[in-house]
Amino acid sequence: MHYYKLVALAGFVSVALAHPGPHHGISKREIARRHDLSSRCSEHVARFNEKRWNRNIRKRSHDRNTTVQIQTEAPYYDVIQNDTCVLTPEVTEGPYVWPRSQTLRQDMTEDQPGVPLWLDVGVLDMNTCEPLEGVLVDFWHCNATGSYSSFTGLSPNTAFETLLDQLNVTDFEIGTTDLHTDDTTFLRGMWPTDRNGMMEMKTVFPGFYIERAIHIHVQVHTDWTIRGNGTMAYGNTVSTGQIYFDEQLEKEIMALEPYVSHTEINRTTNAEDSIYSQDTDNGYNPLISVVPIDDNDLTKGMVGYITVGVDTTAIEMDL
């Protein structure tokens with residue numbers, strides 16, 4: 001098996017550290033190398049985004065994989081930025097990863113309330129600047145009041161270290177220690193890229209939980225196989241990271257129901273989040289580009305544009 005290291009294109013995706021805890025940083029030399037890769041593909045990214053944009057205008061109201069139809073004449077592409085840069089790499093999946101609940105589907109909303117969010121994703125090979133077909137893009141995030149599916153028995157308002165003390169867990173290790181409390185699957189989903197390196201995922205805008213800014217986890221897998229129940233049997237994980245949102249947009253969304261009902265804790269802003277700051281301190285932009293369906297009514301939802309680049313020259317052998 002081969003593992004391909006992933007890099008991300010700014011303005012559309014951030015590949016960042018997933019949660020507080022033990023992790024290793026990236027060298028300045030590696031940051032510079034990935035920045036050069038991304039800059040080389042910037043023109044390709046702009047054309048890639050335009051192609052996806054034009055496709056969305058044609059098909060959005062006919063999308064069979066969404067539960068809410070979108071009808072709009074908004075000039076989306078005018079607001080999409082074409083600049084690119086490489087963000088910090090993956091280090092950890094975070095404590096709320098649970099592969100058994102990640103399901104092959106294009107609508108991972110289930111019955112969760114919230115502002116509709118369509119993630120428009122493109123994946124590029126950073127070695128050739130060409131789209132990658134057939135890689136599996138995998139998302140998970142908390143609901144409007146901070147809970148993750150499969151972990152609904154863990155309070156989103158209690159610090160993770162305190163949760164471990166309550167559970168008498170003294171040797172927690174991400175990806176190894178099993179803390180899941182149930183078999184719910186909401187707001188977890190994955191879907192492969194098509195022949196044009198594109199995929200879409202419908203979800204709702206995330207809420208927040210203690211000590212973390214609002215974010216969505218994302219992974220990319222190659223050589224994957226799906227079981228009969230729609231979960232992944234195996235695959236090569238090429239990257240793990242997070243995407244974030246603009247602070248002003250978050251304020252507007254958090255003032256709406258059901259988000260506004262989450263009053264037990266204060267929301268951690270991007271500026272206060274220790275992981276988010278590791279991106280911005282390095283001069284990166286970890287914010288996803290978001291376009292509202294209706295500027296006058298955020299409850300109608302929004303489209304978030306993400307472009308992910310895979311560095312296929314950096315291969316690690318999994319023996």
# chains A, B, ... in the order shown; residues from 1 in each chain; ligands from 1
>>> residues_around(residues="Leu249 in chain A", least_positions_apart="4", cutoff="10 Å", atoms="only C-alpha atoms", output="PyMOL selection string")
chain A and resi 245+253-254+290+292+298
>>> write_last_selection(atoms="N, CA and C atoms", output="JSON list (two decimals), in the first residue's frame")
[["chain", "number", "residue", "atom", "x", "y", "z"],
["A", 245, "PHE", "N", -14.36, 28.49, 9.23],
["A", 245, "PHE", "CA", -15.25, 29.47, 8.62],
["A", 245, "PHE", "C", -14.89, 30.88, 9.11],
["A", 253, "ILE", "N", -24.55, 32.93, 12.00],
["A", 253, "ILE", "CA", -25.17, 31.61, 12.07],
["A", 253, "ILE", "C", -25.49, 31.24, 13.51],
["A", 254, "MET", "N", -24.58, 31.54, 14.45],
["A", 254, "MET", "CA", -24.80, 31.16, 15.84],
["A", 254, "MET", "C", -25.93, 31.95, 16.49],
["A", 290, "VAL", "N", -17.19, 30.51, 1.33],
["A", 290, "VAL", "CA", -18.61, 30.21, 1.48],
["A", 290, "VAL", "C", -19.44, 31.25, 0.75],
["A", 292, "PRO", "N", -23.48, 32.33, 0.28],
["A", 292, "PRO", "CA", -24.86, 32.09, 0.71],
["A", 292, "PRO", "C", -25.79, 31.91, -0.48],
["A", 298, "LEU", "N", -30.04, 33.60, 5.55],
["A", 298, "LEU", "CA", -29.01, 32.58, 5.72],
["A", 298, "LEU", "C", -29.59, 31.20, 5.97]]
>>> residues_around(residues="range 193-210 of chain A", least_positions_apart="3", cutoff="6 Å", atoms="only C-alpha atoms", output="PyMOL selection string")
chain A and resi 106-109+114-123+131-135+142-146+156-157+214
>>> closest_residue(among="A:Gln112, A:Gln219, A:Thr299, A:Asn168", to="Trp191 in chain A", atoms="only C-alpha atoms")
A:Gln219
>>> atom_distance(atom1="CA of Val238 in chain A", atom2="CA of Leu124 in chain A")
12.8 Å
>>> select_by_dssp(residues="range 194-315 of chain A", states="helix (DSSP H, G or I)", output="ChimeraX atom specification")
/A:247-254,259-261,274-280,298-300
>>> write_last_selection(atoms="N, CA, C and O atoms", output="short mmCIF file (atom, residue, chain, number, x, y, z; two decimals), in the first residue's frame")
data_model
loop_
_atom_site.label_atom_id
_atom_site.label_comp_id
_atom_site.auth_asym_id
_atom_site.auth_seq_id
_atom_site.Cartn_x
_atom_site.Cartn_y
_atom_site.Cartn_z
N GLU A 247 -15.18 34.37 10.85
CA GLU A 247 -15.73 34.69 12.17
C GLU A 247 -17.06 35.44 12.07
O GLU A 247 -18.00 35.18 12.83
N GLN A 248 -17.17 36.38 11.15
CA GLN A 248 -18.41 37.14 11.03
C GLN A 248 -19.57 36.24 10.61
O GLN A 248 -20.69 36.36 11.11
N LEU A 249 -19.29 35.31 9.70
CA LEU A 249 -20.33 34.36 9.29
C LEU A 249 -20.75 33.49 10.47
O LEU A 249 -21.94 33.23 10.67
N GLU A 250 -19.79 33.06 11.26
CA GLU A 250 -20.11 32.25 12.43
C GLU A 250 -21.02 33.00 13.40
O GLU A 250 -21.97 32.43 13.95
N LYS A 251 -20.75 34.28 13.62
CA LYS A 251 -21.58 35.08 14.52
C LYS A 251 -23.02 35.11 14.02
O LYS A 251 -23.98 34.98 14.81
N GLU A 252 -23.19 35.27 12.72
CA GLU A 252 -24.54 35.35 12.16
C GLU A 252 -25.25 34.01 12.27
O GLU A 252 -26.44 33.96 12.62
N ILE A 253 -24.55 32.93 12.00
CA ILE A 253 -25.17 31.61 12.07
C ILE A 253 -25.49 31.24 13.51
O ILE A 253 -26.56 30.69 13.81
N MET A 254 -24.58 31.54 14.45
CA MET A 254 -24.80 31.16 15.84
C MET A 254 -25.93 31.95 16.49
O MET A 254 -26.38 31.60 17.59
N TYR A 259 -28.72 26.85 16.90
CA TYR A 259 -27.40 27.14 17.46
C TYR A 259 -27.47 28.04 18.68
O TYR A 259 -26.72 27.84 19.66
N VAL A 260 -28.35 29.03 18.64
CA VAL A 260 -28.43 30.01 19.71
C VAL A 260 -28.86 29.39 21.03
O VAL A 260 -28.65 29.97 22.11
N SER A 261 -29.45 28.20 20.98
CA SER A 261 -29.88 27.53 22.21
C SER A 261 -28.72 26.91 22.98
O SER A 261 -28.89 26.49 24.13
N SER A 274 -6.23 27.43 19.63
CA SER A 274 -4.79 27.21 19.53
C SER A 274 -4.39 26.52 18.23
O SER A 274 -3.30 26.72 17.70
N ILE A 275 -5.27 25.69 17.70
CA ILE A 275 -4.95 24.96 16.47
C ILE A 275 -5.12 25.85 15.25
O ILE A 275 -4.26 25.87 14.36
N TYR A 276 -6.18 26.62 15.21
CA TYR A 276 -6.39 27.56 14.11
C TYR A 276 -5.22 28.52 13.99
O TYR A 276 -4.74 28.82 12.89
N SER A 277 -4.73 28.99 15.12
CA SER A 277 -3.66 29.98 15.11
C SER A 277 -2.37 29.43 14.52
O SER A 277 -1.54 30.19 14.00
N GLN A 278 -2.18 28.12 14.56
CA GLN A 278 -0.98 27.54 13.98
C GLN A 278 -0.97 27.71 12.46
O GLN A 278 0.09 27.75 11.85
N ASP A 279 -2.14 27.79 11.86
CA ASP A 279 -2.22 28.07 10.43
C ASP A 279 -1.91 29.54 10.16
O ASP A 279 -1.06 29.86 9.34
N THR A 280 -2.62 30.43 10.85
CA THR A 280 -2.47 31.84 10.56
C THR A 280 -1.10 32.37 10.95
O THR A 280 -0.59 33.28 10.31
N LEU A 298 -30.04 33.60 5.55
CA LEU A 298 -29.01 32.58 5.72
C LEU A 298 -29.59 31.20 5.97
O LEU A 298 -28.93 30.18 5.75
N THR A 299 -30.83 31.13 6.45
CA THR A 299 -31.43 29.83 6.75
C THR A 299 -31.64 28.99 5.49
O THR A 299 -31.86 27.78 5.58
N LYS A 300 -31.58 29.61 4.32
CA LYS A 300 -31.72 28.86 3.07
C LYS A 300 -30.46 28.08 2.73
O LYS A 300 -30.48 27.24 1.83
#
>>> closest_residue(among="A:Thr128, A:Gln102, A:Gln166, A:Asn266", to="Leu154 in chain A", atoms="only C-alpha atoms")
A:Gln166
>>> atom_distance(atom1="CA of Gly153 in chain A", atom2="CA of Gly235 in chain A")
28.6 Å
>>> select_by_dssp(residues="range 231-291 of chain A", states="strand (DSSP E or B)", output="list in words")
Thr231, Met232, Ala233, Tyr234, Gly235, Asn236, Thr237, Val238, Ser239, Thr240, Gly241, Gln242, Ile243, Tyr244, Leu287, Ser289, Val290 and Val291 of chain A
>>> closest_residue(among="A:Ile226, A:Thr263, A:Trp140, A:Val218", to="Thr240 in chain A", atoms="only C-alpha atoms")
A:Val218
>>> residues_around(residues="Thr237 in chain A", least_positions_apart="6", cutoff="7 Å", atoms="only C-alpha atoms", output="list in words")
Tyr3, Gln219, Val220, His221 and Thr222 of chain A
>>> write_last_selection(atoms="N, CA and C atoms", output="short mmCIF file (atom, residue, chain, number, x, y, z; two decimals), in the first residue's frame")
data_model
loop_
_atom_site.label_atom_id
_atom_site.label_comp_id
_atom_site.auth_asym_id
_atom_site.auth_seq_id
_atom_site.Cartn_x
_atom_site.Cartn_y
_atom_site.Cartn_z
N TYR A 3 0.87 5.53 0.84
CA TYR A 3 0.21 6.67 1.46
C TYR A 3 0.75 7.93 0.79
N GLN A 219 -10.88 13.90 5.61
CA GLN A 219 -9.83 12.96 5.24
C GLN A 219 -9.97 12.62 3.76
N VAL A 220 -8.88 12.18 3.17
CA VAL A 220 -8.90 11.67 1.80
C VAL A 220 -8.26 10.29 1.80
N HIS A 221 -8.92 9.33 1.13
CA HIS A 221 -8.46 7.95 1.10
C HIS A 221 -8.24 7.49 -0.34
N THR A 222 -7.25 6.65 -0.53
CA THR A 222 -7.03 5.99 -1.82
C THR A 222 -7.10 4.48 -1.61
#
>>> atom_distance(atom1="CA of Arg105 in chain A", atom2="CA of Glu93 in chain A")
20.6 Å
>>> decode(residues="range 191-313 of chain A", atoms="C-alpha atoms", output="short mmCIF file (atom, residue, chain, number, x, y, z; two decimals), in the first residue's frame")
data_model
loop_
_atom_site.label_atom_id
_atom_site.label_comp_id
_atom_site.auth_asym_id
_atom_site.auth_seq_id
_atom_site.Cartn_x
_atom_site.Cartn_y
_atom_site.Cartn_z
CA TRP A 191 -18.08 10.03 -1.35
CA PRO A 192 -15.58 9.44 -4.18
CA THR A 193 -14.47 12.01 -6.72
CA ASP A 194 -15.76 11.61 -10.27
CA ARG A 195 -13.75 11.54 -13.50
CA ASN A 196 -13.29 15.31 -13.14
CA GLY A 197 -11.90 15.01 -9.61
CA MET A 198 -15.08 16.44 -8.09
CA MET A 199 -17.56 15.44 -5.38
CA GLU A 200 -20.32 17.06 -3.36
CA MET A 201 -21.52 16.54 0.20
CA LYS A 202 -24.64 17.96 1.83
CA THR A 203 -24.57 18.64 5.56
CA VAL A 204 -25.52 21.41 7.99
CA PHE A 205 -23.37 24.21 9.35
CA PRO A 206 -21.52 22.86 12.43
CA GLY A 207 -22.03 24.07 15.98
CA PHE A 208 -19.29 24.22 18.61
CA TYR A 209 -18.03 22.44 21.67
CA ILE A 210 -15.71 23.37 24.50
CA GLU A 211 -12.21 24.70 23.76
CA ARG A 212 -12.53 24.44 19.96
CA ALA A 213 -13.42 26.81 17.17
CA ILE A 214 -16.10 25.74 14.70
CA HIS A 215 -14.59 23.25 12.24
CA ILE A 216 -15.16 20.25 10.00
CA HIS A 217 -12.83 17.26 9.84
CA VAL A 218 -11.80 15.98 6.43
CA GLN A 219 -9.83 12.96 5.24
CA VAL A 220 -8.90 11.67 1.80
CA HIS A 221 -8.46 7.95 1.10
CA THR A 222 -7.03 5.99 -1.82
CA ASP A 223 -7.28 2.26 -2.67
CA TRP A 224 -10.49 2.06 -0.67
CA THR A 225 -13.06 -0.74 -0.50
CA ILE A 226 -16.65 -0.40 0.76
CA ARG A 227 -18.57 -3.02 2.74
CA GLY A 228 -22.15 -3.97 1.94
CA ASN A 229 -23.45 -1.66 4.69
CA GLY A 230 -21.77 1.37 3.13
CA THR A 231 -18.82 1.69 5.52
CA MET A 232 -15.20 1.52 4.44
CA ALA A 233 -13.51 -1.88 4.75
CA TYR A 234 -10.01 -0.52 4.20
CA GLY A 235 -8.13 2.21 2.40
CA ASN A 236 -5.04 4.36 2.43
CA THR A 237 -5.58 7.58 4.36
CA VAL A 238 -3.64 10.27 2.54
CA SER A 239 -4.48 13.19 4.79
CA THR A 240 -6.43 14.34 7.82
CA GLY A 241 -7.25 17.97 8.55
CA GLN A 242 -9.86 20.64 9.24
CA ILE A 243 -11.71 23.44 7.50
CA TYR A 244 -12.86 26.60 9.27
CA PHE A 245 -15.25 29.47 8.62
CA ASP A 246 -15.09 33.25 8.70
CA GLU A 247 -15.73 34.69 12.17
CA GLN A 248 -18.41 37.14 11.03
CA LEU A 249 -20.33 34.36 9.29
CA GLU A 250 -20.11 32.25 12.43
CA LYS A 251 -21.58 35.08 14.52
CA GLU A 252 -24.54 35.35 12.16
CA ILE A 253 -25.17 31.61 12.07
CA MET A 254 -24.80 31.16 15.84
CA ALA A 255 -27.53 33.76 16.36
CA LEU A 256 -30.02 31.45 14.64
CA GLU A 257 -31.90 28.45 15.97
CA PRO A 258 -30.93 25.81 16.93
CA TYR A 259 -27.40 27.14 17.46
CA VAL A 260 -28.43 30.01 19.71
CA SER A 261 -29.88 27.53 22.21
CA HIS A 262 -26.37 26.30 23.04
CA THR A 263 -25.74 28.59 26.00
CA GLU A 264 -23.96 26.29 28.48
CA ILE A 265 -20.50 27.42 27.32
CA ASN A 266 -19.01 30.32 25.41
CA ARG A 267 -17.97 29.71 21.82
CA THR A 268 -14.23 29.60 21.15
CA THR A 269 -13.41 31.98 18.31
CA ASN A 270 -10.85 31.34 15.58
CA ALA A 271 -8.54 33.87 17.21
CA GLU A 272 -8.74 32.00 20.52
CA ASP A 273 -8.34 28.51 19.06
CA SER A 274 -4.79 27.21 19.53
CA ILE A 275 -4.95 24.96 16.47
CA TYR A 276 -6.39 27.56 14.11
CA SER A 277 -3.66 29.98 15.11
CA GLN A 278 -0.98 27.54 13.98
CA ASP A 279 -2.22 28.07 10.43
CA THR A 280 -2.47 31.84 10.56
CA ASP A 281 0.85 32.22 12.38
CA ASN A 282 2.48 30.61 9.35
CA GLY A 283 0.80 33.05 7.00
CA TYR A 284 -1.89 30.63 5.81
CA ASN A 285 -5.59 31.13 5.33
CA PRO A 286 -7.52 28.16 6.79
CA LEU A 287 -10.98 29.51 5.90
CA ILE A 288 -13.34 27.81 3.46
CA SER A 289 -14.87 30.05 0.79
CA VAL A 290 -18.61 30.21 1.48
CA VAL A 291 -21.34 31.66 -0.73
CA PRO A 292 -24.86 32.09 0.71
CA ILE A 293 -27.81 30.89 -1.35
CA ASP A 294 -29.74 34.03 -0.38
CA ASP A 295 -27.88 37.05 1.03
CA ASN A 296 -31.05 38.10 2.84
CA ASP A 297 -31.86 34.74 4.41
CA LEU A 298 -29.01 32.58 5.72
CA THR A 299 -31.43 29.83 6.75
CA LYS A 300 -31.72 28.86 3.07
CA GLY A 301 -28.17 27.58 3.23
CA MET A 302 -24.80 28.09 1.59
CA VAL A 303 -22.21 26.49 -0.66
CA GLY A 304 -18.64 25.98 0.58
CA TYR A 305 -15.87 25.55 -1.99
CA ILE A 306 -12.93 23.29 -1.16
CA THR A 307 -9.95 22.35 -3.33
CA VAL A 308 -7.61 19.69 -1.99
CA GLY A 309 -4.24 18.85 -3.53
CA VAL A 310 -2.47 15.50 -3.12
CA ASP A 311 1.31 15.53 -3.24
CA THR A 312 1.90 12.22 -5.01
CA THR A 313 5.67 12.65 -4.96
#
